[in-house]
file work-v4.cif (mmCIF, C-alpha atoms and all ligand atoms)
data_data
loop_
_atom_site.label_atom_id
_atom_site.label_comp_id
_atom_site.auth_asym_id
_atom_site.auth_seq_id
_atom_site.Cartn_x
_atom_site.Cartn_y
_atom_site.Cartn_z
CA MET R 786 -116.53 -122.66 -55.24
CA SER R 787 -113.21 -122.49 -57.00
CA SER R 788 -109.70 -122.35 -55.72
CA ALA R 789 -106.24 -121.48 -56.87
CA THR R 790 -102.74 -122.25 -55.78
CA GLY R 791 -99.48 -120.74 -56.96
CA GLY R 792 -97.82 -121.73 -60.21
CA ASP R 793 -100.94 -122.55 -62.23
CA ARG R 794 -101.15 -120.19 -65.21
CA GLY R 795 -104.70 -121.29 -66.16
CA LEU R 796 -105.99 -120.55 -62.73
CA GLU R 797 -104.11 -117.28 -62.65
CA SER R 798 -105.90 -116.24 -65.84
CA SER R 799 -109.26 -117.14 -64.40
CA LEU R 800 -108.30 -115.21 -61.29
CA GLU R 801 -107.70 -112.15 -63.41
CA ALA R 802 -111.00 -112.70 -65.21
CA SER R 803 -112.85 -112.94 -61.93
CA MET R 804 -111.61 -109.50 -61.01
CA SER R 805 -113.86 -107.69 -63.46
CA SER R 806 -116.25 -105.41 -61.63
CA THR R 807 -119.54 -106.41 -63.25
CA CYS R 808 -121.30 -109.57 -64.40
CA SER R 809 -124.53 -110.23 -66.29
CA TYR R 810 -127.80 -111.48 -64.83
CA GLY R 811 -129.91 -111.86 -67.98
CA SER R 812 -129.96 -108.36 -69.33
CA THR R 813 -129.00 -106.72 -66.03
CA ARG R 814 -125.38 -106.11 -65.06
CA ALA R 815 -124.50 -106.77 -61.47
CA ARG R 816 -121.63 -105.19 -59.66
CA ILE R 817 -119.14 -107.60 -58.15
CA PHE R 818 -117.42 -106.74 -54.92
CA LYS R 819 -114.21 -108.51 -54.06
CA ILE R 820 -113.74 -108.93 -50.32
CA ILE R 821 -110.61 -110.60 -48.99
CA VAL R 822 -110.76 -112.49 -45.71
CA ILE R 823 -107.41 -112.65 -43.94
CA GLY R 824 -105.98 -113.69 -40.58
CA ASP R 825 -103.99 -116.46 -38.90
CA SER R 826 -104.51 -120.10 -39.72
CA ASN R 827 -107.32 -121.84 -37.82
CA VAL R 828 -109.23 -118.68 -36.88
CA GLY R 829 -112.22 -119.81 -38.97
CA LYS R 830 -111.96 -117.86 -42.25
CA THR R 831 -113.13 -120.82 -44.30
CA CYS R 832 -116.02 -121.54 -41.93
CA LEU R 833 -117.15 -117.90 -41.92
CA THR R 834 -117.15 -117.65 -45.70
CA TYR R 835 -119.01 -120.97 -45.92
CA ARG R 836 -121.56 -119.79 -43.41
CA PHE R 837 -122.28 -116.63 -45.38
CA CYS R 838 -122.31 -118.20 -48.84
CA THR R 839 -124.02 -121.52 -48.10
CA SER R 840 -125.64 -121.01 -44.66
CA TYR R 841 -123.81 -124.11 -43.43
CA PHE R 842 -120.99 -124.70 -40.98
CA PRO R 843 -118.61 -127.21 -42.57
CA GLU R 844 -118.13 -130.18 -40.28
CA ARG R 845 -114.53 -130.66 -41.34
CA THR R 846 -112.12 -128.21 -42.94
CA GLU R 847 -108.58 -128.58 -44.18
CA ALA R 848 -106.09 -125.72 -44.03
CA THR R 849 -106.71 -123.56 -47.07
CA ILE R 850 -104.01 -123.77 -49.72
CA GLY R 851 -103.58 -120.65 -51.82
CA VAL R 852 -107.04 -119.14 -51.94
CA ASP R 853 -110.63 -120.34 -52.27
CA PHE R 854 -113.47 -118.29 -53.70
CA ARG R 855 -117.02 -118.28 -52.53
CA GLU R 856 -119.71 -116.09 -54.00
CA ARG R 857 -123.17 -115.06 -53.10
CA SER R 858 -125.58 -112.83 -54.96
CA VAL R 859 -127.68 -110.52 -52.87
CA GLU R 860 -130.21 -107.87 -53.69
CA ILE R 861 -129.91 -104.55 -51.94
CA ASP R 862 -132.45 -101.81 -52.56
CA GLY R 863 -133.49 -103.51 -55.77
CA GLU R 864 -129.94 -103.88 -57.11
CA LYS R 865 -128.33 -107.29 -57.63
CA ILE R 866 -124.84 -107.44 -56.22
CA LYS R 867 -122.37 -110.28 -56.26
CA ILE R 868 -120.27 -110.65 -53.17
CA GLN R 869 -117.06 -112.51 -53.95
CA LEU R 870 -115.27 -113.69 -50.83
CA TRP R 871 -111.61 -114.58 -51.19
CA ASP R 872 -110.88 -117.09 -48.44
CA THR R 873 -107.11 -116.87 -48.07
CA ALA R 874 -104.68 -119.30 -46.48
CA GLY R 875 -103.42 -118.32 -43.03
CA GLN R 876 -100.36 -120.53 -43.18
CA GLU R 877 -97.38 -118.75 -44.66
CA ARG R 878 -96.24 -121.75 -46.68
CA PHE R 879 -99.67 -122.03 -48.34
CA ARG R 880 -100.08 -118.37 -49.22
CA LYS R 881 -96.70 -117.03 -50.36
CA SER R 882 -97.15 -117.50 -54.08
CA MET R 883 -100.68 -116.08 -54.16
CA VAL R 884 -100.30 -112.98 -52.04
CA GLN R 885 -99.97 -110.51 -54.91
CA HIS R 886 -103.31 -111.70 -56.32
CA TYR R 887 -105.24 -111.22 -53.10
CA TYR R 888 -104.62 -107.54 -52.97
CA ARG R 889 -105.37 -106.57 -56.53
CA ASN R 890 -108.63 -104.67 -57.03
CA VAL R 891 -109.84 -105.29 -53.50
CA HIS R 892 -113.06 -103.56 -52.46
CA ALA R 893 -112.98 -104.49 -48.78
CA VAL R 894 -110.95 -106.44 -46.23
CA VAL R 895 -112.17 -108.65 -43.38
CA PHE R 896 -109.54 -109.26 -40.69
CA VAL R 897 -110.35 -112.34 -38.62
CA TYR R 898 -108.98 -113.42 -35.26
CA ASP R 899 -110.07 -116.20 -32.91
CA ILE R 900 -111.36 -114.88 -29.58
CA THR R 901 -110.03 -118.04 -27.89
CA ASN R 902 -106.51 -117.50 -29.23
CA MET R 903 -104.61 -114.40 -28.11
CA ALA R 904 -101.80 -115.05 -30.59
CA SER R 905 -104.23 -114.69 -33.47
CA PHE R 906 -105.24 -111.28 -32.10
CA GLN R 907 -101.62 -110.25 -31.63
CA SER R 908 -100.94 -111.10 -35.27
CA LEU R 909 -103.40 -108.46 -36.49
CA PRO R 910 -100.83 -105.63 -36.78
CA ALA R 911 -98.79 -107.84 -39.12
CA TRP R 912 -101.86 -108.48 -41.30
CA ILE R 913 -102.64 -104.77 -41.37
CA GLU R 914 -99.04 -104.04 -42.28
CA GLU R 915 -99.19 -106.54 -45.13
CA CYS R 916 -102.24 -104.70 -46.49
CA LYS R 917 -100.31 -101.43 -46.31
CA GLN R 918 -97.38 -102.96 -48.13
CA HIS R 919 -99.74 -103.95 -50.93
CA LEU R 920 -100.90 -100.35 -51.18
CA LEU R 921 -104.33 -100.86 -49.66
CA THR R 922 -105.17 -97.45 -48.32
CA ASN R 923 -107.45 -96.68 -45.41
CA ASP R 924 -110.09 -95.72 -47.98
CA VAL R 925 -110.76 -99.41 -48.56
CA PRO R 926 -113.41 -100.49 -46.02
CA ARG R 927 -112.01 -102.87 -43.43
CA ILE R 928 -113.73 -104.70 -40.61
CA LEU R 929 -112.44 -106.72 -37.68
CA VAL R 930 -114.13 -110.00 -36.83
CA GLY R 931 -113.51 -112.01 -33.66
CA ASN R 932 -114.70 -115.55 -34.38
CA LYS R 933 -115.65 -118.57 -32.21
CA CYS R 934 -117.65 -116.64 -29.64
CA ASP R 935 -119.66 -119.83 -29.01
CA LEU R 936 -116.62 -121.03 -26.99
CA LYS R 937 -117.50 -118.86 -23.99
CA ASP R 938 -115.33 -120.77 -21.50
CA SER R 939 -112.16 -120.31 -23.52
CA ILE R 940 -112.15 -116.58 -24.21
CA GLN R 941 -108.64 -115.09 -24.30
CA VAL R 942 -109.34 -111.82 -26.09
CA PRO R 943 -111.62 -109.51 -24.08
CA THR R 944 -114.15 -107.56 -26.13
CA ASP R 945 -112.96 -104.18 -24.83
CA LEU R 946 -109.37 -104.92 -25.86
CA ALA R 947 -110.51 -105.83 -29.37
CA GLN R 948 -112.76 -102.79 -29.50
CA LYS R 949 -109.86 -100.49 -28.56
CA PHE R 950 -107.74 -102.02 -31.27
CA ALA R 951 -110.55 -101.60 -33.80
CA ASP R 952 -111.08 -97.97 -32.78
CA ALA R 953 -107.37 -97.26 -33.08
CA HIS R 954 -107.51 -98.55 -36.65
CA SER R 955 -110.87 -96.94 -37.49
CA MET R 956 -112.54 -100.28 -38.14
CA PRO R 957 -115.93 -101.59 -37.04
CA MET R 958 -115.53 -104.63 -34.80
CA PHE R 959 -117.80 -107.68 -34.66
CA GLU R 960 -117.70 -110.79 -32.51
CA THR R 961 -119.38 -113.80 -33.99
CA SER R 962 -119.45 -117.54 -34.40
CA ALA R 963 -119.42 -119.31 -37.72
CA LYS R 964 -120.74 -122.34 -35.82
CA ASN R 965 -123.84 -120.81 -34.27
CA THR R 966 -126.66 -120.20 -36.67
CA ASN R 967 -127.80 -116.89 -35.20
CA ASP R 968 -124.53 -115.13 -34.62
CA HIS R 969 -124.55 -112.24 -37.07
CA VAL R 970 -122.37 -113.73 -39.81
CA GLU R 971 -125.04 -112.79 -42.32
CA ALA R 972 -125.41 -109.31 -40.83
CA ILE R 973 -121.66 -108.70 -40.83
CA PHE R 974 -121.19 -109.36 -44.53
CA MET R 975 -124.45 -107.64 -45.44
CA THR R 976 -123.38 -104.53 -43.54
CA LEU R 977 -120.24 -104.50 -45.62
CA ALA R 978 -122.23 -105.09 -48.81
CA HIS R 979 -124.53 -102.17 -48.00
CA LYS R 980 -121.49 -100.00 -47.45
CA LEU R 981 -119.93 -101.02 -50.74
CA LYS R 982 -123.19 -100.66 -52.61
CA SER R 983 -123.69 -97.13 -51.42
CA HIS R 984 -120.52 -96.14 -53.25
CA LYS R 985 -121.64 -95.89 -56.84
CA PRO R 986 -118.97 -96.59 -59.43
CA LEU R 987 -118.18 -93.53 -61.50
CA VAL R 988 -118.18 -95.46 -64.77
CA LEU R 989 -119.47 -99.06 -64.79
CA SER R 990 -117.37 -100.28 -67.68
CA GLN R 991 -114.00 -99.18 -66.27
CA PRO R 992 -111.68 -101.50 -64.28
CA PRO R 993 -112.55 -101.67 -60.55
CA GLU R 994 -109.68 -99.55 -59.32
CA SER R 995 -110.88 -96.56 -61.32
CA THR R 996 -114.62 -97.13 -60.91
CA VAL R 997 -115.17 -97.54 -57.20
CA GLU R 998 -114.65 -94.69 -54.84
CA LEU R 999 -114.71 -95.70 -51.23
CA ASN R 1000 -114.92 -93.53 -48.16
CA SER R 1001 -113.45 -94.26 -44.75
CA VAL R 1002 -115.31 -96.54 -42.34
CA PRO R 1003 -117.19 -95.08 -39.37
CA LYS R 1004 -116.50 -96.42 -35.89
CA THR R 1005 -119.20 -98.93 -35.03
CA SER R 1006 -119.21 -102.14 -33.06
CA PHE R 1007 -121.27 -105.27 -33.05
CA PRO R 1008 -120.33 -107.33 -30.00
CA CYS R 1009 -121.16 -110.99 -29.73
CA GLY R 1010 -124.84 -111.72 -29.17
CA CYS R 1011 -124.32 -115.26 -27.85
N1 LIG R 1101 -116.25 -123.63 -31.98
C1 LIG R 1101 -116.02 -123.07 -33.17
N2 LIG R 1101 -115.12 -123.61 -34.01
C2 LIG R 1101 -114.90 -122.99 -35.21
C3 LIG R 1101 -115.60 -121.82 -35.59
N3 LIG R 1101 -115.16 -121.45 -36.81
C4 LIG R 1101 -114.25 -122.36 -37.18
N4 LIG R 1101 -114.09 -123.29 -36.22
C5 LIG R 1101 -113.17 -124.42 -36.23
O1 LIG R 1101 -111.85 -123.91 -36.33
C6 LIG R 1101 -111.04 -124.76 -37.15
C7 LIG R 1101 -110.40 -123.95 -38.27
O2 LIG R 1101 -111.41 -123.43 -39.10
P1 LIG R 1101 -111.07 -122.95 -40.61
O3 LIG R 1101 -112.26 -122.21 -41.09
O4 LIG R 1101 -110.60 -124.08 -41.41
O5 LIG R 1101 -109.84 -121.95 -40.32
P2 LIG R 1101 -109.05 -121.04 -41.38
O6 LIG R 1101 -108.90 -119.70 -40.77
O7 LIG R 1101 -109.72 -121.11 -42.68
O8 LIG R 1101 -107.63 -121.73 -41.45
P3 LIG R 1101 -106.56 -121.70 -42.67
O9 LIG R 1101 -107.26 -122.16 -43.89
O10 LIG R 1101 -105.45 -122.64 -42.27
O11 LIG R 1101 -106.05 -120.30 -42.78
C8 LIG R 1101 -111.95 -125.87 -37.65
O12 LIG R 1101 -111.77 -127.00 -36.80
C9 LIG R 1101 -113.35 -125.32 -37.47
O13 LIG R 1101 -114.32 -126.32 -37.24
C10 LIG R 1101 -116.56 -121.27 -34.67
O14 LIG R 1101 -117.20 -120.25 -34.88
N5 LIG R 1101 -116.71 -121.93 -33.47
MG MG R 1102 -109.17 -121.85 -44.50
#
call {"tool": "encode", "arguments": {"input": "work-v4.cif", "output": "C-alpha cells"}}
result
Amino acid sequence: MSSATGGDRGLESSLEASMSSTCSYGSTRARIFKIIVIGDSNVGKTCLTYRFCTSYFPERTEATIGVDFRERSVEIDGEKIKIQLWDTAGQERFRKSMVQHYYRNVHAVVFVYDITNMASFQSLPAWIEECKQHLLTNDVPRILVGNKCDLKDSIQVPTDLAQKFADAHSMPMFETSAKNTNDHVEAIFMTLAHKLKSHKPLVLSQPPESTVELNSVPKTSFPCGC
C-alpha cells in the first residue's frame, strides 16, 4: 500500500506514474483500472478497500490523510487485471490538496455511505456534484455502497430509500459490511471489474482517457445479505 498527501512533489510524480493504464506481468501486459472510493469520513472506505485487497478487516483505522492506494490483481476470463483502489480521505481538511489527483483518469467511482448514519447518506448529492465538477461524466461506471450492514439495530437509512436514490442516479446499489466476512465486498468490486473489463481499450498503448470507452451502468441492486 502507498499513500500520498498534498505538497509532496515526489509522491505526486509517482501518483502520475501510477495512472498509466497497463503494467507488465512477465511478458503479459495487464490493464490497470483506477477506481476511486469516496464518501464522508468514518463510513468505512478504508475498511472496504482493505477487505477487498487483503481479505482482512483492520482492527483499528485512523482517518485517511490525502489518499491511500490498495491494489489487487485478478484474473477475469483468462485476462490479468489490476484493480487499483484509491481510498480517499472523507475529512475536508485531509483531502483538499489532493482532490484534483483523485479525478484524473478515473475508470469507476464507488460512493460509500454508512447505513447507520443518515448524514452520510444525505451527503451523497454533494459527492456526486464534486464528481461532476471534475468532469466525470455519467459514462464512468459508478456504484453506491451502503456499509456497516452488520449493525442491524442501528439502521438509519432504509434500503428502499437508498435504492430510490441509486435508481434516480442510474447506479447499482449494494449494502454490505466490511466487517463481516461473507457480505459481498468481494462480489461488489468484482462486479465492477467485470464491467470495466468488458470495455476493451481501443488502443492499449494510449493514455487511459483515450483508450477506455465506458458505457452507462444498468440499474441493478444487491441488498444486504446479512
Ligand atoms: N460495524 C462496522 N464497523 C465498520 C465497518 N466498516 C468500518 N467500520 C468502522 O468504522 C470506522 C471508520 O472506518 P474507516 O474505514 O476508517 O472510515 P473511512 O471512511 O475510511 O474514514 P476517513 O478515512 O476519515 O474518510 C472504524 O472504526 C471501523 O472499524 C463495518 O462494516 N461494520
Ligand atoms: Mg479512510
call {"tool": "atom_distance", "arguments": {"input": "work-v4.cif", "atom1": "CA of Pro957 (chain R)", "atom2": "CA of Glu877 (chain R)"}}
result
26.4 Å
call {"tool": "atom_distance", "arguments": {"input": "work-v4.cif", "atom1": "atom O4 of ligand LIG 1101 (chain R)", "atom2": "CA of Glu847 (chain R)"}}
result
5.7 Å
call {"tool": "atom_distance", "arguments": {"input": "work-v4.cif", "atom1": "CA of Phe974 (chain R)", "atom2": "CA of Thr849 (chain R)"}}
result
20.4 Å
call {"tool": "closest_atom_pairs", "arguments": {"input": "work-v4.cif", "of": "chain R", "to": "ligand MG 1102 (chain R)", "cutoff": "6 Å", "atoms": "only C-alpha atoms and all ligand atoms", "output": "tab-separated table"}}
result
residue	atom	partner	partner_atom	distance
R:Lys830	CA	R:MG1102	MG	5.4
R:Thr831	CA	R:MG1102	MG	4.1
R:Ala848	CA	R:MG1102	MG	5.0
R:Thr849	CA	R:MG1102	MG	3.9
R:Ala874	CA	R:MG1102	MG	5.5
call {"tool": "write_last_selection", "arguments": {"input": "work-v4.cif", "atoms": "C-alpha atoms", "output": "JSON list (two decimals), keeping the file's coordinate frame"}}
result
[["chain", "number", "residue", "atom", "x", "y", "z"],
["R", 830, "LYS", "CA", -111.96, -117.86, -42.25],
["R", 831, "THR", "CA", -113.13, -120.82, -44.30],
["R", 848, "ALA", "CA", -106.09, -125.72, -44.03],
["R", 849, "THR", "CA", -106.71, -123.56, -47.07],
["R", 874, "ALA", "CA", -104.68, -119.30, -46.48]]
call {"tool": "residues_near_ligand", "arguments": {"input": "work-v4.cif", "ligand": "ligand LIG 1101 (chain R)", "cutoff": "8 Å", "atoms": "only C-alpha atoms and all ligand atoms", "output": "ChimeraX atom specification"}}
result
/R:823-833,842-850,872-876,897,932-936,961-965
call {"tool": "closest_residue", "arguments": {"input": "work-v4.cif", "among": "R:Thr834, R:Thr901, R:Thr839, R:Gln948", "to": "Val852 (chain R)", "atoms": "all atoms listed in the file"}}
result
R:Thr834
call {"tool": "residues_around", "arguments": {"input": "work-v4.cif", "residues": "Leu929 (chain R)", "least_positions_apart": "5", "cutoff": "8 Å", "atoms": "all atoms listed in the file", "output": "PyMOL selection string"}}
result
chain R and resi 895-898+951+956-959
call {"tool": "closest_residue", "arguments": {"input": "work-v4.cif", "among": "R:Asn923, R:Asn967, R:Ser882, R:Thr944", "to": "Phe906 (chain R)", "atoms": "only C-alpha atoms"}}
result
R:Thr944
call {"tool": "closest_residue", "arguments": {"input": "work-v4.cif", "among": "R:Ser939, R:Ser840, R:Gln869, R:Gln885", "to": "Lys819 (chain R)", "atoms": "only C-alpha atoms"}}
result
R:Gln869
call {"tool": "residues_around", "arguments": {"input": "work-v4.cif", "residues": "Leu921 (chain R)", "least_positions_apart": "2", "cutoff": "12 Å", "atoms": "only C-alpha atoms", "output": "list in words"}}
result
Ile821, Gln885, Tyr887, Tyr888, Arg889, Asn890, Val891, His892, Ala893, Val894, Trp912, Ile913, Glu914, Glu915, Cys916, Lys917, Gln918, His919, Asn923, Asp924, Val925, Pro926, Arg927, Glu994 and Leu999 of chain R
call {"tool": "residues_near_point", "arguments": {"input": "work-v4.cif", "point": "(-124.3, -107.6, -56.4)", "cutoff": "9 Å", "atoms": "only C-alpha atoms", "output": "list in words"}}
result
Thr807, Cys808, Arg814, Ala815, Arg816, Ile817, Phe818, Arg857, Ser858, Val859, Glu860, Ile861, Glu864, Lys865, Ile866, Lys867, Ile868, Ala978 and Lys982 of chain R
call {"tool": "closest_residue", "arguments": {"input": "work-v4.cif", "among": "R:Val930, R:Phe854, R:Ala953, R:Val942", "to": "Ala972 (chain R)", "atoms": "all atoms listed in the file"}}
result
R:Val930
call {"tool": "closest_residue", "arguments": {"input": "work-v4.cif", "among": "R:Asp862, R:Asp899, R:Asp938, R:Glu971", "to": "Tyr835 (chain R)", "atoms": "all atoms listed in the file"}}
result
R:Glu971
call {"tool": "closest_residue", "arguments": {"input": "work-v4.cif", "among": "R:Tyr841, R:Asp853, R:Phe879, R:Leu920", "to": "Thr966 (chain R)", "atoms": "all atoms listed in the file"}}
result
R:Tyr841
call {"tool": "build_atoms", "arguments": {"input": "work-v4.cif", "residues": "region 869-886 of chain R", "atoms": "N, CA and C atoms", "output": "JSON list (two decimals), in the coordinates of the input"}}
result
[["chain", "number", "residue", "atom", "x", "y", "z"],
["R", 869, "GLN", "N", -118.06, -111.47, -53.66],
["R", 869, "GLN", "CA", -117.06, -112.51, -53.95],
["R", 869, "GLN", "C", -116.08, -112.53, -52.78],
["R", 870, "LEU", "N", -116.15, -113.59, -52.00],
["R", 870, "LEU", "CA", -115.27, -113.69, -50.83],
["R", 870, "LEU", "C", -114.02, -114.48, -51.21],
["R", 871, "TRP", "N", -112.89, -113.90, -50.95],
["R", 871, "TRP", "CA", -111.61, -114.58, -51.19],
["R", 871, "TRP", "C", -111.13, -115.10, -49.84],
["R", 872, "ASP", "N", -111.24, -116.42, -49.69],
["R", 872, "ASP", "CA", -110.88, -117.09, -48.44],
["R", 872, "ASP", "C", -109.40, -117.47, -48.54],
["R", 873, "THR", "N", -108.55, -116.70, -47.88],
["R", 873, "THR", "CA", -107.11, -116.87, -48.07],
["R", 873, "THR", "C", -106.53, -117.85, -47.05],
["R", 874, "ALA", "N", -105.37, -118.38, -47.38],
["R", 874, "ALA", "CA", -104.68, -119.30, -46.48],
["R", 874, "ALA", "C", -103.98, -118.51, -45.37],
["R", 875, "GLY", "N", -104.11, -118.99, -44.15],
["R", 875, "GLY", "CA", -103.42, -118.32, -43.03],
["R", 875, "GLY", "C", -101.99, -118.79, -42.89],
["R", 876, "GLN", "N", -101.72, -120.00, -43.33],
["R", 876, "GLN", "CA", -100.36, -120.53, -43.18],
["R", 876, "GLN", "C", -99.44, -119.96, -44.25],
["R", 877, "GLU", "N", -98.34, -119.42, -43.77],
["R", 877, "GLU", "CA", -97.38, -118.75, -44.66],
["R", 877, "GLU", "C", -97.01, -119.63, -45.86],
["R", 878, "ARG", "N", -96.73, -120.89, -45.59],
["R", 878, "ARG", "CA", -96.24, -121.75, -46.68],
["R", 878, "ARG", "C", -97.32, -121.98, -47.74],
["R", 879, "PHE", "N", -98.60, -121.79, -47.38],
["R", 879, "PHE", "CA", -99.67, -122.03, -48.34],
["R", 879, "PHE", "C", -100.15, -120.75, -49.02],
["R", 880, "ARG", "N", -99.54, -119.61, -48.68],
["R", 880, "ARG", "CA", -100.08, -118.37, -49.22],
["R", 880, "ARG", "C", -99.07, -117.57, -50.04],
["R", 881, "LYS", "N", -97.77, -117.84, -49.77],
["R", 881, "LYS", "CA", -96.70, -117.03, -50.36],
["R", 881, "LYS", "C", -96.91, -116.68, -51.83],
["R", 882, "SER", "N", -97.15, -117.72, -52.63],
["R", 882, "SER", "CA", -97.15, -117.50, -54.08],
["R", 882, "SER", "C", -98.41, -116.77, -54.57],
["R", 883, "MET", "N", -99.42, -116.68, -53.71],
["R", 883, "MET", "CA", -100.68, -116.08, -54.16],
["R", 883, "MET", "C", -100.90, -114.67, -53.65],
["R", 884, "VAL", "N", -100.02, -114.24, -52.75],
["R", 884, "VAL", "CA", -100.30, -112.98, -52.04],
["R", 884, "VAL", "C", -100.57, -111.81, -52.97],
["R", 885, "GLN", "N", -99.79, -111.70, -54.05],
["R", 885, "GLN", "CA", -99.97, -110.51, -54.91],
["R", 885, "GLN", "C", -101.35, -110.48, -55.55],
["R", 886, "HIS", "N", -101.97, -111.67, -55.71],
["R", 886, "HIS", "CA", -103.31, -111.70, -56.32],
["R", 886, "HIS", "C", -104.39, -111.24, -55.35]]
